[in-house]
Structures are given as structure tokens and as C-alpha cells.
Amino acid sequence: MPKVDSFQIKIKTGQNGRATPPVFKINGFELPFEDSEGGLGSGETFTGKGSPQSMAHSLHLVGPGEGEWDTEETTITYQCSGEEPYTVRLGSVTLDSDSDMNIWHERPLPVFDV
Amino acid sequence: MAFSWVNTVFSNKKPVPPPVLAPTPERENKPPPQESFIKLSSGSMAEPPPPTQPSAPPKEPERRIINPPVLTDESEQSSWSDEITIKARVEKDPLTCTFLVDRPVFEGHSAWFPTSDSDSESPLAQSIFEVKEVCSLLFLDSTISVTRSGSSERKWEEIAKDIGSKVRSHLKSGASVISDEFLTRIPTEEEMREKIQFVIDDEINPGIAAHSGNITLENLTGNTVTISMGGGCQGCAASTITLREGIHKAFRDAVPEIGAILDETDHTAGTNPFFKELPEELKAHAQG
């Protein structure tokens with residue numbers, strides 16, 4: 001499990017947006033995104049940066065305080081200590097006040113044609 | 001502060017009376033607040049009220065963790081061509097490679113071939129076992145998982161090309177993947193479920209209870225079994241060993257026709273799992 005220095009996140013919101021700024025949890029500790037840009041309304045795109053500087057036992061995008069939030073696509077670029085950055089794209093989910101999205105993924109294994 | 005009444009009762013300080021609140025319609029209908037500790041401090045030896053336990057911080061309710069699908073370029077390709085495309089992926093266990101075929105290899109069921117002696121009912125398995133490094137095979141839908149011996153000097157890239165061409169030519173030929181006899185021998189899902197549940201209840205769960213672990217039969221489709229590991233097994237670094245050395249063997253002893261055994265546990269879930277990548281020496285043990 002590598003140490004995650006930082007990660008860039010890009011969230012494209014689907015039908016239902018959210019009103020409050022998103023936060024993430026690293027190993028259960030809630031932190032705000034830095035350098036936030038864009039929006040979280042329906043069809044809008046949000047970008048931000050997290051700097052956990054920690055081993056990611058768990059890394060979650062916290063659901064909205066109320067209502068539902070549809071994320072159409074989430075793209076995360078991880079910068080782990082001593083490694084080349086890598087990017088993972090995640091499909092759509094609907095988050096609510098009781099749910100979080102797992103946004104920690106290890107580097108995908110390489111695939112080759114045979 | 002908890003136990004504040006103790007300090008008040010036995011101290012010489014004059015207690016501070018509660019503030020007098022102006023009557024409001026809401027307060028007027030309520031009984032007067034109890035002031036027992038104030039009365040006690042004025043000389044009465046009446047029994048003090050029972051101490052209140054320090055209140056634990058409110059426990060945060062368990063939150064649902066959603067795992068969205070990981071998107072790949074392949075997952076967005078929907079075109080179907082006559083040419084069979086096969087991709088290979090070397091797994092974290094470097095002796096295992098998964099071949100992803102762009103069409104079903106063995107639909108609806110799965111088949112496990114632990115050695116080259118066990119391939120008599122599968123022409124495709126016979127063909128793949130001709131590659132000398134191949135140790136074991138698992139067919140599941142459109143994937144073939146191959147385990148190789150660790151002694152060969154050839155790299156996966158070379159071995160995988162040999163396997164890929166054998167799979168491609170077999171599928172192109174239209175020959176059967178598994179004999180009909182094998183399929184007729186597979187017990188019904190109900191029979192299998194009953195036997196596996198018995199093994200879980202009678203053998204596996206009592207064995208791992210000492211580690212506060214448990215396993216649950218989540219699903220059984222065809223002859224593919226899906227389990228989840230809970231309790232102490234969920235975030236355990238040695239869960240792979242439990243799965244391979246204990247669960248696989250016990251299931252296959254009970255029902256030899258079982259194909260794939262899938263573990264759907266998210267071993268990294270939770271706020272603080274102690275899951276870690278298996279160290280090399282344990283990996284070697286896990287592979288037997």
C-alpha cells in the first residue's frame with residue numbers, strides 16, 4: 001500500500017447535483033478539497049485536489065448532507081510517494097446522506113494483447 | 001462534567017444555584033428542576049443520587065461505501081468482430097495470468113483444472129496444458145486464469161502468446177470447450193448449496209471463529225460459488241491463505257465439480273482495516 005501524497009479529482013455531476021462543497025475522508029478523517037474549481041450542479045464539472053500525505057487504508061468521497069447526488073464520472077489521478085502518477089476513471093453512482101464513494105484504487109495492472 | 005455532584009457535595013464551597021429563568025409558556029408547564037445536590041450540601045445526609053456513568057461520545061452510524069465500476073477503454077468498446085481478441089493481465093500474484101477473451105469461453109458454468117492430469121474432459125484445457133509452464137487452469141465465462149510454474153525462465157509475455165494462440169485456434173475451430181459428460185455430472189444448485197452451507201457451518205466457521213472471523217455463502221450460480229469474509233477475516237492480511245488453504249480445499253472436497261470460488265469481500269473497506277499486501281514469504285506459502 002503506497003503513501004498517497006496527493007490526488008487530483010474531477011467529478012462530472014449527473015442529473016442531481018449537490019449544494020454543499022464536497023469533502024473526502026482519508027482513513028476516517030474528513031478533509032476539504034484544495035484548489036476547488038467548477039460546480040456541482042446538474043451537468044457541471046468539479047475539480048479539486050486532496051493532499052492526504054498518508055497511507056490510504058481508506059479514501060472516500062463523502063455523500064451530500066441531504067438529498068441525492070448523482071456522479072456521472074469521476075476521474076482521479078494519484079500521486080503516490082516515489083511513483084509515477086496514474087489515473088483511474090470511475091463510473092456513475094448515486095450518493096446520499098448515508099453513503100460515501102470509495103475513491104481509492106491501486107495502480108491498474110498492465111494488460112497486453114496476445 | 002460527569003461526577004460533578006461529588007465535588008459539590010463534599011467540598012466546602014458554596015454551591016452556585018441554577019440561574020433563574022424567566023417563565024415561558026413551555027417552562028411553566030414543566031415540573032421544577034431537581035436540585036438534590038444543592039439540598040445535600042446544606043447539611044442533609046440523605047443518599048446522594050446514583051452517579052451517572054461518563055457518557056460515551058455518540059457513535060457515528062455506519063456509512064455505506066459504494067464501489068463504482070472502474071472504466072477502461074475496453075469496457076466502452078462494444079464492437080464485435082470475427083477476429084478473436086485476447087488480452088492478458090499478470091495478476092498481483094506473479095504466477096497467475098488472466099486471459100480476457102472478447103467472447104464467452106465457457107458460458108454459465110466454470111471449470112477448474114488443478115493439474116494437467118485433470119484435463120481429460122476439456123479439449124481446450126488439454127491444448128493449453130501443452131504449454132509446459134502451465135500448472136493449473138480456471139475457465140469462467142470469458143476469462144481463463146492460468147497459473148504457471150515458478151521454475152521456468154520464460155516470461156509471461158512469451159508464455160501468454162503461446163496460450164493466446166492455442167485459445168484462439170480452439171475457439172475458431174468451433175470444437176467443444178468441455179465435454180457434455182462433465183456438464184451432466186454437475187449437481188443441481190440446490191444440492192451444491194446444501195453441501196457447501198454444511199461445510200461452512202460445520203467445518204469452516206467453527207475453525208475461524210477463534211479469529212473472530214466468519215464466511216458467508218453469498219451466491220451460487222451454475223457451479224460458481226461466491227463467498228464473503230467477515231469479522232476478523234475482512235481486513236486480515238492472511239485472508240488469502242485462509243481462502244486458498246482452507247476454504248477452497250474444503251469446498252472442493254465436498255463438491256469436486258465446483259468451478260470458480262469468488263471472494264467478493266472488500267478487504268480494504270472500513271475506516272481502518274489492517275489489510276496489507278502479502279509479504280513475499282507468505283505469498284509463496286499461499287501458493288502452496
# chains A, B, ... in the order shown; residues from 1 in each chain; ligands from 1
call {"tool": "residues_around", "arguments": {"residues": "range 116-128 of chain B", "least_positions_apart": "5", "cutoff": "8 Å", "atoms": "only C-alpha atoms", "output": "PyMOL selection string"}}
result
chain B and resi 134-137+163+166-167+170+175-179+181-182
call {"tool": "interface_residues", "arguments": {"of": "chain A", "to": "chain B", "cutoff": "10 Å", "atoms": "only C-alpha atoms", "output": "compact mmCIF listing (two decimals) with N, CA, C and O atoms, in the first residue's frame"}}
result
# COMPACT_ATOMS: atom_id res chain seq x y z
N MET A 1 0.85 -1.19 0.00
CA MET A 1 0.00 0.00 0.00
C MET A 1 0.89 1.25 0.00
O MET A 1 1.64 1.46 0.93
N LYS A 25 -12.69 11.70 2.92
CA LYS A 25 -12.21 11.13 4.17
C LYS A 25 -11.01 10.25 3.87
O LYS A 25 -11.09 9.38 3.00
N ILE A 26 -9.92 10.49 4.58
CA ILE A 26 -8.76 9.62 4.48
C ILE A 26 -8.64 8.89 5.81
O ILE A 26 -8.54 9.54 6.85
N ASN A 27 -8.75 7.59 5.77
CA ASN A 27 -8.70 6.75 6.98
C ASN A 27 -9.65 7.26 8.06
O ASN A 27 -9.34 7.26 9.25
N GLY A 28 -10.81 7.73 7.61
CA GLY A 28 -11.84 8.17 8.55
C GLY A 28 -11.77 9.65 8.92
O GLY A 28 -12.67 10.14 9.60
N PHE A 29 -10.73 10.34 8.49
CA PHE A 29 -10.60 11.77 8.83
C PHE A 29 -11.08 12.61 7.65
O PHE A 29 -10.64 12.42 6.52
N ALA A 56 -3.18 5.17 2.29
CA ALA A 56 -4.63 5.21 2.12
C ALA A 56 -5.23 3.85 2.48
O ALA A 56 -5.44 3.01 1.62
N HIS A 57 -5.48 3.64 3.77
CA HIS A 57 -6.23 2.43 4.14
C HIS A 57 -7.64 2.56 3.60
O HIS A 57 -8.24 1.59 3.18
N SER A 58 -8.15 3.79 3.64
CA SER A 58 -9.44 4.05 3.00
C SER A 58 -9.46 5.50 2.54
O SER A 58 -8.86 6.37 3.18
N LEU A 59 -10.07 5.71 1.41
CA LEU A 59 -10.20 7.06 0.85
C LEU A 59 -11.60 7.17 0.25
O LEU A 59 -11.93 6.45 -0.70
N HIS A 60 -12.42 8.01 0.83
CA HIS A 60 -13.82 8.07 0.44
C HIS A 60 -14.24 9.50 0.08
O HIS A 60 -13.81 10.45 0.74
N LEU A 61 -15.08 9.60 -0.93
CA LEU A 61 -15.74 10.86 -1.24
C LEU A 61 -17.05 10.86 -0.45
O LEU A 61 -17.87 9.94 -0.61
N VAL A 62 -17.24 11.83 0.41
CA VAL A 62 -18.38 11.82 1.32
C VAL A 62 -19.64 12.28 0.59
O VAL A 62 -19.62 13.24 -0.18
N GLY A 63 -20.73 11.57 0.86
CA GLY A 63 -22.01 11.88 0.23
C GLY A 63 -22.55 13.23 0.71
O GLY A 63 -22.03 13.81 1.67
N THR A 71 -23.18 11.16 -9.43
CA THR A 71 -21.90 11.43 -10.10
C THR A 71 -21.87 10.58 -11.36
O THR A 71 -22.04 9.37 -11.30
N GLU A 73 -19.33 10.59 -13.79
CA GLU A 73 -17.99 10.02 -13.99
C GLU A 73 -17.01 10.75 -13.06
O GLU A 73 -17.08 11.98 -12.90
N THR A 74 -16.13 9.99 -12.47
CA THR A 74 -15.13 10.56 -11.57
C THR A 74 -13.75 10.12 -12.04
O THR A 74 -13.52 8.93 -12.26
N THR A 75 -12.88 11.07 -12.23
CA THR A 75 -11.52 10.76 -12.68
C THR A 75 -10.55 11.18 -11.59
O THR A 75 -10.60 12.32 -11.11
N VAL A 88 -7.31 6.75 -12.65
CA VAL A 88 -8.40 5.77 -12.66
C VAL A 88 -9.70 6.51 -12.93
O VAL A 88 -9.93 7.58 -12.39
N ARG A 89 -10.51 5.92 -13.82
CA ARG A 89 -11.82 6.52 -14.11
C ARG A 89 -12.92 5.65 -13.51
O ARG A 89 -12.90 4.42 -13.69
N LEU A 90 -13.85 6.27 -12.82
CA LEU A 90 -14.92 5.52 -12.16
C LEU A 90 -16.26 5.88 -12.78
O LEU A 90 -16.50 7.03 -13.14
N GLY A 91 -17.14 4.87 -12.83
CA GLY A 91 -18.46 5.06 -13.43
C GLY A 91 -19.44 5.75 -12.49
O GLY A 91 -19.07 6.24 -11.42
N SER A 92 -20.70 5.74 -12.89
CA SER A 92 -21.71 6.54 -12.19
C SER A 92 -22.17 5.87 -10.90
O SER A 92 -22.26 4.65 -10.81
N VAL A 93 -22.45 6.71 -9.91
CA VAL A 93 -23.08 6.25 -8.66
C VAL A 93 -24.02 7.36 -8.17
O VAL A 93 -23.90 8.50 -8.60
N THR A 94 -24.90 6.98 -7.26
CA THR A 94 -25.75 7.96 -6.58
C THR A 94 -25.43 7.92 -5.09
O THR A 94 -25.53 6.86 -4.47
N LEU A 95 -25.02 9.04 -4.56
CA LEU A 95 -24.68 9.13 -3.13
C LEU A 95 -25.79 9.86 -2.40
O LEU A 95 -26.45 10.74 -2.97
N ASP A 96 -25.99 9.48 -1.14
CA ASP A 96 -26.94 10.21 -0.30
C ASP A 96 -26.29 10.48 1.05
O ASP A 96 -25.08 10.27 1.22
N SER A 97 -27.09 10.90 2.02
CA SER A 97 -26.52 11.32 3.30
C SER A 97 -25.94 10.17 4.11
O SER A 97 -25.23 10.38 5.08
N ASP A 98 -26.23 8.93 3.70
CA ASP A 98 -25.72 7.77 4.45
C ASP A 98 -24.61 7.04 3.69
O ASP A 98 -24.18 5.96 4.12
N SER A 99 -24.20 7.56 2.55
CA SER A 99 -23.26 6.78 1.75
C SER A 99 -22.06 7.62 1.29
O SER A 99 -22.15 8.84 1.16
N ASP A 100 -20.95 6.91 1.09
CA ASP A 100 -19.72 7.51 0.57
C ASP A 100 -19.26 6.68 -0.63
O ASP A 100 -19.65 5.52 -0.79
N MET A 101 -18.42 7.29 -1.45
CA MET A 101 -17.88 6.56 -2.60
C MET A 101 -16.41 6.21 -2.33
O MET A 101 -15.64 7.06 -1.90
N ASN A 102 -16.08 4.95 -2.58
CA ASN A 102 -14.68 4.55 -2.46
C ASN A 102 -13.90 5.14 -3.63
O ASN A 102 -14.20 4.83 -4.78
N ILE A 103 -12.94 5.98 -3.34
CA ILE A 103 -12.16 6.58 -4.44
C ILE A 103 -10.69 6.14 -4.36
O ILE A 103 -9.84 6.77 -4.98
N TRP A 104 -10.41 5.08 -3.59
CA TRP A 104 -9.03 4.59 -3.56
C TRP A 104 -8.91 3.36 -4.45
O TRP A 104 -9.59 2.35 -4.25
N HIS A 105 -8.05 3.45 -5.43
CA HIS A 105 -7.78 2.32 -6.31
C HIS A 105 -6.29 2.23 -6.55
O HIS A 105 -5.65 3.25 -6.84
N PRO A 108 -3.73 0.24 -11.78
CA PRO A 108 -4.27 -0.88 -12.54
C PRO A 108 -3.14 -1.76 -13.08
O PRO A 108 -2.07 -1.26 -13.45
N LEU A 109 -3.40 -3.05 -13.11
CA LEU A 109 -2.39 -3.98 -13.62
C LEU A 109 -2.30 -3.83 -15.13
O LEU A 109 -3.32 -3.66 -15.80
N PRO A 110 -1.10 -3.89 -15.67
CA PRO A 110 -0.97 -3.72 -17.12
C PRO A 110 -1.57 -4.89 -17.90
O PRO A 110 -1.51 -6.03 -17.46
N VAL A 111 -2.17 -4.55 -19.03
CA VAL A 111 -2.80 -5.55 -19.90
C VAL A 111 -2.10 -5.51 -21.24
O VAL A 111 -1.76 -4.43 -21.73
N PHE A 112 -1.86 -6.68 -21.83
CA PHE A 112 -1.23 -6.69 -23.16
C PHE A 112 -1.96 -7.69 -24.08
O PHE A 112 -2.60 -8.63 -23.61
N ASP A 113 -1.88 -7.41 -25.37
CA ASP A 113 -2.53 -8.28 -26.36
C ASP A 113 -1.72 -9.54 -26.57
O ASP A 113 -0.50 -9.51 -26.60
N VAL A 114 -2.42 -10.65 -26.74
CA VAL A 114 -1.72 -11.90 -27.06
C VAL A 114 -2.38 -12.55 -28.27
O VAL A 114 -3.52 -12.28 -28.57
call {"tool": "residues_around", "arguments": {"residues": "Thr216 in chain B", "least_positions_apart": "5", "cutoff": "7 Å", "atoms": "only C-alpha atoms", "output": "list in words"}}
result
Ile227, Ser228 and Met229 of chain B
call {"tool": "select_by_dssp", "arguments": {"residues": "chain A", "states": "strand (DSSP E)", "output": "compact mmCIF listing (two decimals) with N, CA and C atoms, in the first residue's frame"}}
result
# COMPACT_ATOMS: atom_id res chain seq x y z
N LYS A 3 2.10 5.30 -0.08
CA LYS A 3 1.70 6.54 0.59
C LYS A 3 1.17 7.50 -0.47
N VAL A 4 -0.04 7.96 -0.29
CA VAL A 4 -0.64 8.89 -1.26
C VAL A 4 -0.25 10.32 -0.86
N ASP A 5 0.61 10.92 -1.66
CA ASP A 5 0.99 12.30 -1.37
C ASP A 5 -0.18 13.24 -1.68
N SER A 6 -0.72 13.08 -2.88
CA SER A 6 -1.85 13.93 -3.26
C SER A 6 -2.64 13.25 -4.37
N PHE A 7 -3.81 13.77 -4.64
CA PHE A 7 -4.60 13.29 -5.79
C PHE A 7 -5.44 14.42 -6.34
N GLN A 8 -5.61 14.39 -7.63
CA GLN A 8 -6.48 15.35 -8.32
C GLN A 8 -7.78 14.65 -8.63
N ILE A 9 -8.88 15.29 -8.39
CA ILE A 9 -10.17 14.66 -8.67
C ILE A 9 -11.00 15.54 -9.59
N LYS A 10 -11.69 14.88 -10.53
CA LYS A 10 -12.59 15.59 -11.44
C LYS A 10 -13.91 14.84 -11.40
N ILE A 11 -14.96 15.54 -11.00
CA ILE A 11 -16.27 14.89 -10.84
C ILE A 11 -17.27 15.52 -11.79
N LYS A 12 -17.83 14.70 -12.66
CA LYS A 12 -18.90 15.21 -13.53
C LYS A 12 -20.23 14.80 -12.89
N THR A 13 -21.03 15.80 -12.53
CA THR A 13 -22.31 15.52 -11.89
C THR A 13 -23.35 15.15 -12.94
N VAL A 23 -16.37 16.95 0.36
CA VAL A 23 -15.19 16.69 1.19
C VAL A 23 -14.81 15.23 1.01
N PHE A 24 -13.61 14.87 1.44
CA PHE A 24 -13.21 13.47 1.37
C PHE A 24 -12.73 13.02 2.74
N LYS A 25 -12.69 11.70 2.92
CA LYS A 25 -12.21 11.13 4.17
C LYS A 25 -11.01 10.25 3.87
N ILE A 26 -9.92 10.49 4.58
CA ILE A 26 -8.76 9.62 4.48
C ILE A 26 -8.64 8.89 5.81
N PHE A 29 -10.73 10.34 8.49
CA PHE A 29 -10.60 11.77 8.83
C PHE A 29 -11.08 12.61 7.65
N GLU A 30 -11.96 13.55 7.98
CA GLU A 30 -12.57 14.35 6.92
C GLU A 30 -11.70 15.56 6.59
N LEU A 31 -11.48 15.78 5.30
CA LEU A 31 -10.67 16.91 4.86
C LEU A 31 -11.35 17.59 3.67
N PRO A 32 -11.12 18.91 3.52
CA PRO A 32 -11.70 19.59 2.36
C PRO A 32 -10.78 19.44 1.13
N GLU A 34 -8.63 21.05 -1.90
CA GLU A 34 -7.94 22.32 -2.15
C GLU A 34 -8.13 22.69 -3.62
N ASP A 35 -7.84 23.92 -3.93
CA ASP A 35 -7.87 24.42 -5.32
C ASP A 35 -9.15 24.01 -6.06
N SER A 36 -10.27 24.12 -5.36
CA SER A 36 -11.54 23.70 -5.96
C SER A 36 -11.96 24.65 -7.08
N GLU A 37 -12.43 24.06 -8.16
CA GLU A 37 -12.94 24.86 -9.28
C GLU A 37 -14.15 24.18 -9.86
N GLY A 38 -14.96 24.93 -10.58
CA GLY A 38 -16.12 24.37 -11.25
C GLY A 38 -17.31 24.26 -10.33
N THR A 45 -19.07 20.26 -13.86
CA THR A 45 -17.86 19.51 -13.53
C THR A 45 -17.08 20.23 -12.44
N PHE A 46 -16.64 19.46 -11.47
CA PHE A 46 -15.88 19.99 -10.33
C PHE A 46 -14.47 19.41 -10.38
N THR A 47 -13.49 20.24 -10.08
CA THR A 47 -12.13 19.71 -9.92
C THR A 47 -11.57 20.18 -8.59
N GLY A 48 -10.75 19.37 -8.00
CA GLY A 48 -10.15 19.72 -6.71
C GLY A 48 -8.94 18.84 -6.46
N LYS A 49 -8.27 19.15 -5.36
CA LYS A 49 -7.06 18.41 -5.03
C LYS A 49 -7.11 18.00 -3.56
N GLY A 50 -6.68 16.78 -3.30
CA GLY A 50 -6.55 16.32 -1.92
C GLY A 50 -5.08 16.05 -1.64
N SER A 54 -0.50 10.38 3.26
CA SER A 54 -0.69 9.26 4.18
C SER A 54 -0.94 7.97 3.42
N MET A 55 -0.75 6.84 4.11
CA MET A 55 -1.13 5.56 3.52
C MET A 55 -2.65 5.54 3.43
N LEU A 59 -10.07 5.71 1.41
CA LEU A 59 -10.20 7.06 0.85
C LEU A 59 -11.60 7.17 0.25
N HIS A 60 -12.42 8.01 0.83
CA HIS A 60 -13.82 8.07 0.44
C HIS A 60 -14.24 9.50 0.08
N LEU A 61 -15.08 9.60 -0.93
CA LEU A 61 -15.74 10.86 -1.24
C LEU A 61 -17.05 10.86 -0.45
N VAL A 62 -17.24 11.83 0.41
CA VAL A 62 -18.38 11.82 1.32
C VAL A 62 -19.64 12.28 0.59
N TRP A 69 -27.06 12.80 -4.75
CA TRP A 69 -26.07 13.39 -5.65
C TRP A 69 -25.64 12.31 -6.66
N ASP A 70 -25.89 12.59 -7.93
CA ASP A 70 -25.51 11.64 -8.97
C ASP A 70 -24.15 12.04 -9.54
N THR A 71 -23.18 11.16 -9.43
CA THR A 71 -21.90 11.43 -10.10
C THR A 71 -21.87 10.58 -11.36
N GLU A 72 -21.70 11.24 -12.46
CA GLU A 72 -21.73 10.53 -13.74
C GLU A 72 -20.39 9.86 -14.02
N GLU A 73 -19.33 10.59 -13.79
CA GLU A 73 -17.99 10.02 -13.99
C GLU A 73 -17.01 10.75 -13.06
N THR A 74 -16.13 9.99 -12.47
CA THR A 74 -15.13 10.56 -11.57
C THR A 74 -13.75 10.12 -12.04
N THR A 75 -12.88 11.07 -12.23
CA THR A 75 -11.52 10.76 -12.68
C THR A 75 -10.55 11.18 -11.59
N ILE A 76 -9.71 10.25 -11.19
CA ILE A 76 -8.77 10.54 -10.11
C ILE A 76 -7.35 10.24 -10.58
N THR A 77 -6.47 11.20 -10.39
CA THR A 77 -5.05 10.99 -10.68
C THR A 77 -4.29 10.99 -9.37
N TYR A 78 -3.68 9.85 -9.07
CA TYR A 78 -2.99 9.69 -7.78
C TYR A 78 -1.50 9.97 -7.95
N GLN A 79 -0.98 10.70 -6.98
CA GLN A 79 0.47 10.91 -6.91
C GLN A 79 0.95 10.21 -5.63
N CYS A 80 1.51 9.03 -5.81
CA CYS A 80 1.98 8.28 -4.64
C CYS A 80 3.48 8.50 -4.48
N TYR A 86 -0.72 7.92 -11.69
CA TYR A 86 -1.60 7.09 -12.52
C TYR A 86 -3.04 7.57 -12.33
N THR A 87 -3.86 7.24 -13.32
CA THR A 87 -5.24 7.75 -13.34
C THR A 87 -6.23 6.60 -13.39
N VAL A 88 -7.31 6.75 -12.65
CA VAL A 88 -8.40 5.77 -12.66
C VAL A 88 -9.70 6.51 -12.93
N ARG A 89 -10.51 5.92 -13.82
CA ARG A 89 -11.82 6.52 -14.11
C ARG A 89 -12.92 5.65 -13.51
N LEU A 90 -13.85 6.27 -12.82
CA LEU A 90 -14.92 5.52 -12.16
C LEU A 90 -16.26 5.88 -12.78
N VAL A 93 -22.45 6.71 -9.91
CA VAL A 93 -23.08 6.25 -8.66
C VAL A 93 -24.02 7.36 -8.17
N THR A 94 -24.90 6.98 -7.26
CA THR A 94 -25.75 7.96 -6.58
C THR A 94 -25.43 7.92 -5.09
N LEU A 95 -25.02 9.04 -4.56
CA LEU A 95 -24.68 9.13 -3.13
C LEU A 95 -25.79 9.86 -2.40
N SER A 99 -24.20 7.56 2.55
CA SER A 99 -23.26 6.78 1.75
C SER A 99 -22.06 7.62 1.29
N ASP A 100 -20.95 6.91 1.09
CA ASP A 100 -19.72 7.51 0.57
C ASP A 100 -19.26 6.68 -0.63
N MET A 101 -18.42 7.29 -1.45
CA MET A 101 -17.88 6.56 -2.60
C MET A 101 -16.41 6.21 -2.33
N ASN A 102 -16.08 4.95 -2.58
CA ASN A 102 -14.68 4.55 -2.46
C ASN A 102 -13.90 5.14 -3.63
N VAL A 111 -2.17 -4.55 -19.03
CA VAL A 111 -2.80 -5.55 -19.90
C VAL A 111 -2.10 -5.51 -21.24
N PHE A 112 -1.86 -6.68 -21.83
CA PHE A 112 -1.23 -6.69 -23.16
C PHE A 112 -1.96 -7.69 -24.08
N ASP A 113 -1.88 -7.41 -25.37
CA ASP A 113 -2.53 -8.28 -26.36
C ASP A 113 -1.72 -9.54 -26.57
